[in-house]
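Trainee: Here you go, one structure.
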Amino acid sequence: MNDLAVLITVYNDRAGLLTALDSINERDNAFTVVLVDGASEEPVRIDEDDYPFKLVVIRQEERSGIIGGLNAGLDYIRAQGFRFMARLDAGDVQFPNRLATQYERLRSSDELAMVGSNVLFRSEETNEELFVTNLPLKSEMIRRWSMFRTCFMHPAVMIHLDRVDSDLRYETKYLHIEDHILFAKIAQRYPTENLREPLLACYVREHGISRSNDREQLISGIRHHLDHPRPLNLLWYAYIVKRSLYLFTPFSWRCRIKNALGFSRPPNHSSLGTVSR
């Protein structure tokens with residue numbers, strides 16, 4: 001897997017970064033982890049001898065936000081000639097051989113441009129398994145439903161860079177939904193797929209980026225849709241209505257709504273964390 005790079009951005013979260021790095025457990029360690037330090041108050045320093053894979057740290061001297069960090073990492077990965085890029089967020093935990101599973105799936109296909117997976121969500125306070133996402137799996141369904149709902153979890157994707165346009169980047173205009181916009185573009189243009197079994201665990205963090213920027217994220221989604229009207233697509237209207245209602249709905253209620261709509265499912269404890277082949 002020497003043509004694979006794993007992109008992680010971090011800002012003032014060394015503990016979360018180490019959690020993510022320590023979770024990487026692969027049978028083939030010939031890949032590179034690219035860490036983009038978004039001008040953390042204490043510069044990120046990692047002892048490469050602590051890990052069996054190669055580590056590259058890109059230090060940004062000025063704060064450019066997560067989008068700036070993501071694009072800096074993506075530009076570096078492309079410039080270095082990597083053919084595959086996986087994402088991982090500080091604080092998230094990969095299951096064994098997550099990278100190998102997605103890498104082999106992309107290499108076995110003649111057309112897939114991106115592969116994601118479902119994700120297990122846990123409580124950061126209690127480590128309780130809360131739910132598993134229930135994402136659309138096949139390209140046709142992903143393309144159809146990307147107008148209405150999240151179809152890829154950001155830290156769980158791997159992209160075949162040779163099969164997507166070289167100018168595709170994270171957009172800066174719509175804050176906190178840069179990943180959804182990029183993945184929706186890829187899904188509309190190229191074949192994509194999600195693997196049913198979760199390949200990593202994300203923690204519901206009370207003060208994480210998603211929770212702290214929740215309202216701005218909802219507004220950005222509405223703005224993006226209004227700027228890209230699809231008057232013949234009923235799901236376009238449904239998205240606007242859903243997001244507008246979410247602005248006035250407590251987060252816990254929204255989680256219940258998503259469960260009722262089938263966007264998540266109870267965790268299957270017997271299969272989680274056993275993705276090695």
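FYI, nothing fancy with the structure tokens labels: chains A, B, ... in order, residues from 1 per chain, ligands from 1 as they appear.
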Just list as number ranges by chain whatever in stretch 95-254 of chain A DSSP marks as helix (DSSP H, G or I).
Mentor: A: 98-108, 139-145, 154-156, 161-163, 178-189, 209-212, 214-227, 234-246, 251-254
Trainee: Near A:Glu61, within 10 Å and counting only C-alpha atoms, which residues show up once chain neighbours fewer than 4 positions away are dropped, as an MDAnalysis selection string?
Mentor: chainID A and resid 37:41 43
Trainee: Could you save those same residues with N, CA and C atoms as an mmCIF file, in the first residue's frame?
Mentor:
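What ended up in again_1.cif:
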data_model
loop_
_atom_site.group_PDB
_atom_site.id
_atom_site.type_symbol
_atom_site.label_atom_id
_atom_site.label_comp_id
_atom_site.auth_asym_id
_atom_site.auth_seq_id
_atom_site.Cartn_x
_atom_site.Cartn_y
_atom_site.Cartn_z
ATOM 1 N N ASP A 37 -0.865 20.059 10.740
ATOM 2 C CA ASP A 37 -1.019 20.795 11.991
ATOM 3 C C ASP A 37 -1.467 22.208 11.656
ATOM 4 N N GLY A 38 -2.727 22.512 11.951
ATOM 5 C CA GLY A 38 -3.298 23.807 11.588
ATOM 6 C C GLY A 38 -2.926 24.920 12.535
ATOM 7 N N ALA A 39 -1.602 25.111 12.726
ATOM 8 C CA ALA A 39 -1.094 26.187 13.589
ATOM 9 C C ALA A 39 -1.498 25.997 15.045
ATOM 10 N N SER A 40 -1.381 24.765 15.540
ATOM 11 C CA SER A 40 -1.662 24.501 16.950
ATOM 12 C C SER A 40 -0.752 25.350 17.829
ATOM 13 N N GLU A 41 -1.257 25.724 19.004
ATOM 14 C CA GLU A 41 -0.462 26.546 19.920
ATOM 15 C C GLU A 41 0.828 25.836 20.304
ATOM 16 N N PRO A 43 3.183 23.132 18.642
ATOM 17 C CA PRO A 43 3.371 22.390 17.384
ATOM 18 C C PRO A 43 3.354 20.883 17.594
#
Trainee: If you take only C-alpha atoms and a cut-off of 9 Å, which residues of stretch 178-227 of chain A touch stretch 102-119 of chain A, and what are their nearest atom pairs and distances in Å to one decimal, in chain and number order, as a Markdown table?
Mentor:
| residue | atom | partner | partner_atom | distance |
| --- | --- | --- | --- | --- |
| A:Phe183 | CA | A:Met114 | CA | 8.6 |
| A:Ile186 | CA | A:Ala113 | CA | 7.7 |
| A:Ala187 | CA | A:Met114 | CA | 8.1 |
| A:Tyr190 | CA | A:Ala113 | CA | 6.1 |
| A:Pro191 | CA | A:Leu112 | CA | 5.0 |
| A:Thr192 | CA | A:Met114 | CA | 5.0 |
| A:Glu193 | CA | A:Val115 | CA | 4.8 |
| A:Asn194 | CA | A:Gly116 | CA | 4.5 |
| A:Leu195 | CA | A:Ser117 | CA | 4.4 |
| A:Arg196 | CA | A:Asn118 | CA | 5.8 |
| A:Glu197 | CA | A:Asn118 | CA | 6.0 |
| A:Pro198 | CA | A:Asn118 | CA | 4.4 |
| A:Leu199 | CA | A:Ser117 | CA | 6.2 |
| A:Leu200 | CA | A:Val119 | CA | 5.6 |
| A:Ala201 | CA | A:Val119 | CA | 5.7 |
| A:Cys202 | CA | A:Val119 | CA | 6.9 |
Trainee: Could you please determine the separation between atom CA of A:Phe148 and atom CA of A:Asn233 in Å, to one decimal place?
Mentor: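 About the pair atom CA of A:Phe148 and atom CA of A:Asn233: they are 10.0 Å apart.
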Trainee: Do you know which residues are at most 10 Å from A:Leu120 counting only C-alpha atoms, after dropping those on the same chain fewer than 4 positions away, and could you put them as a ChimeraX atom specification?
Mentor: /A:93,129-134,197-203,264-268,272-273
Trainee: So that each row is one residue of stretch 51-155 of chain A with an atom at most 12 Å from stretch 211-222 of chain A, can you give its shortest atom pair and the distance in Å to one decimal, using only C-alpha atoms, rows by chain and rising number, as CSV?
Mentor:
residue,atom,partner,partner_atom,distance
A:Met147,CA,A:Gly221,CA,10.6
A:Phe148,CA,A:Gly221,CA,10.4
A:Arg149,CA,A:Gly221,CA,10.5
A:Thr150,CA,A:Gly221,CA,10.9
Trainee: Fewer than 5 positions away in the same chain doesn't count, so skip those; otherwise give me all residues within 10 Å of A:Asn127, counting only C-alpha atoms, as an NGL selection string.
Mentor: :A and (121-122 or 203-204)
Trainee: Just list as a VMD selection string whatever in stretch 58-247 of chain A DSSP marks as strand (DSSP E or B).
Mentor: chain A and resid 58 to 59 84 to 87 93 to 94 114 to 123 129 to 133 158 to 160 192 to 204
Trainee: Pull C-alpha atoms from the residues just selected and write them as a short mmCIF file (atom, residue, chain, number, x, y, z; two decimals), in the first residue's frame.
Mentor:
data_model
loop_
_atom_site.label_atom_id
_atom_site.label_comp_id
_atom_site.auth_asym_id
_atom_site.auth_seq_id
_atom_site.Cartn_x
_atom_site.Cartn_y
_atom_site.Cartn_z
CA ILE A 58 2.96 19.59 7.64
CA ARG A 59 3.02 22.60 9.95
CA PHE A 84 -5.10 6.66 -3.00
CA MET A 85 -6.09 8.94 -0.13
CA ALA A 86 -7.92 7.91 3.03
CA ARG A 87 -9.30 10.23 5.70
CA VAL A 93 -10.77 4.86 16.18
CA GLN A 94 -10.16 2.54 13.23
CA MET A 114 -14.42 6.31 -3.75
CA VAL A 115 -15.42 3.81 -1.10
CA GLY A 116 -16.73 4.61 2.37
CA SER A 117 -18.28 2.58 5.14
CA ASN A 118 -20.80 2.76 7.90
CA VAL A 119 -19.54 4.06 11.24
CA LEU A 120 -20.18 3.07 14.84
CA PHE A 121 -20.95 6.01 17.15
CA ARG A 122 -20.00 5.79 20.81
CA SER A 123 -20.51 8.08 23.77
CA GLU A 129 -22.18 1.96 21.66
CA LEU A 130 -25.01 4.26 20.58
CA PHE A 131 -25.81 3.41 16.96
CA VAL A 132 -24.38 2.47 13.59
CA THR A 133 -25.05 4.62 10.54
CA MET A 158 -10.89 6.37 0.71
CA ILE A 159 -10.56 8.02 -2.71
CA HIS A 160 -8.87 6.68 -5.83
CA THR A 192 -18.91 5.15 -5.50
CA GLU A 193 -19.77 2.65 -2.79
CA ASN A 194 -20.21 2.20 0.95
CA LEU A 195 -19.32 -1.00 2.79
CA ARG A 196 -22.08 -2.17 5.09
CA GLU A 197 -19.94 -3.14 8.09
CA PRO A 198 -18.51 -0.23 10.10
CA LEU A 199 -14.76 0.19 9.69
CA LEU A 200 -14.24 2.71 12.46
CA ALA A 201 -15.81 4.26 15.54
CA CYS A 202 -16.56 7.95 16.04
CA TYR A 203 -17.19 9.49 19.42
CA VAL A 204 -20.07 11.84 20.15
#
Trainee: Name all residues at most 7 Å from A:Gly69 (count only C-alpha atoms; drop same-chain ones fewer than 5 positions away) and give them as a PyMOL selection string.
Mentor: chain A and resi 9+36+38+64
Trainee: For each of A:Arg144, A:Arg163, A:Arg27, A:Arg83, take the minimum atom-to-atom distance to A:Phe53, counting only C-alpha atoms, then give the residue where this is smallest.
Mentor: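 For A:Phe53, the nearest of the given residues is A:Arg27.
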Trainee: So, with only C-alpha atoms as the atoms that count, which of A:Arg256, A:Arg45, A:His225, A:Arg143 lies closest to A:Val241?
Mentor: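 Between A:Arg256, A:Arg45, A:His225, A:Arg143, the residue approaching A:Val241 most closely is A:His225.
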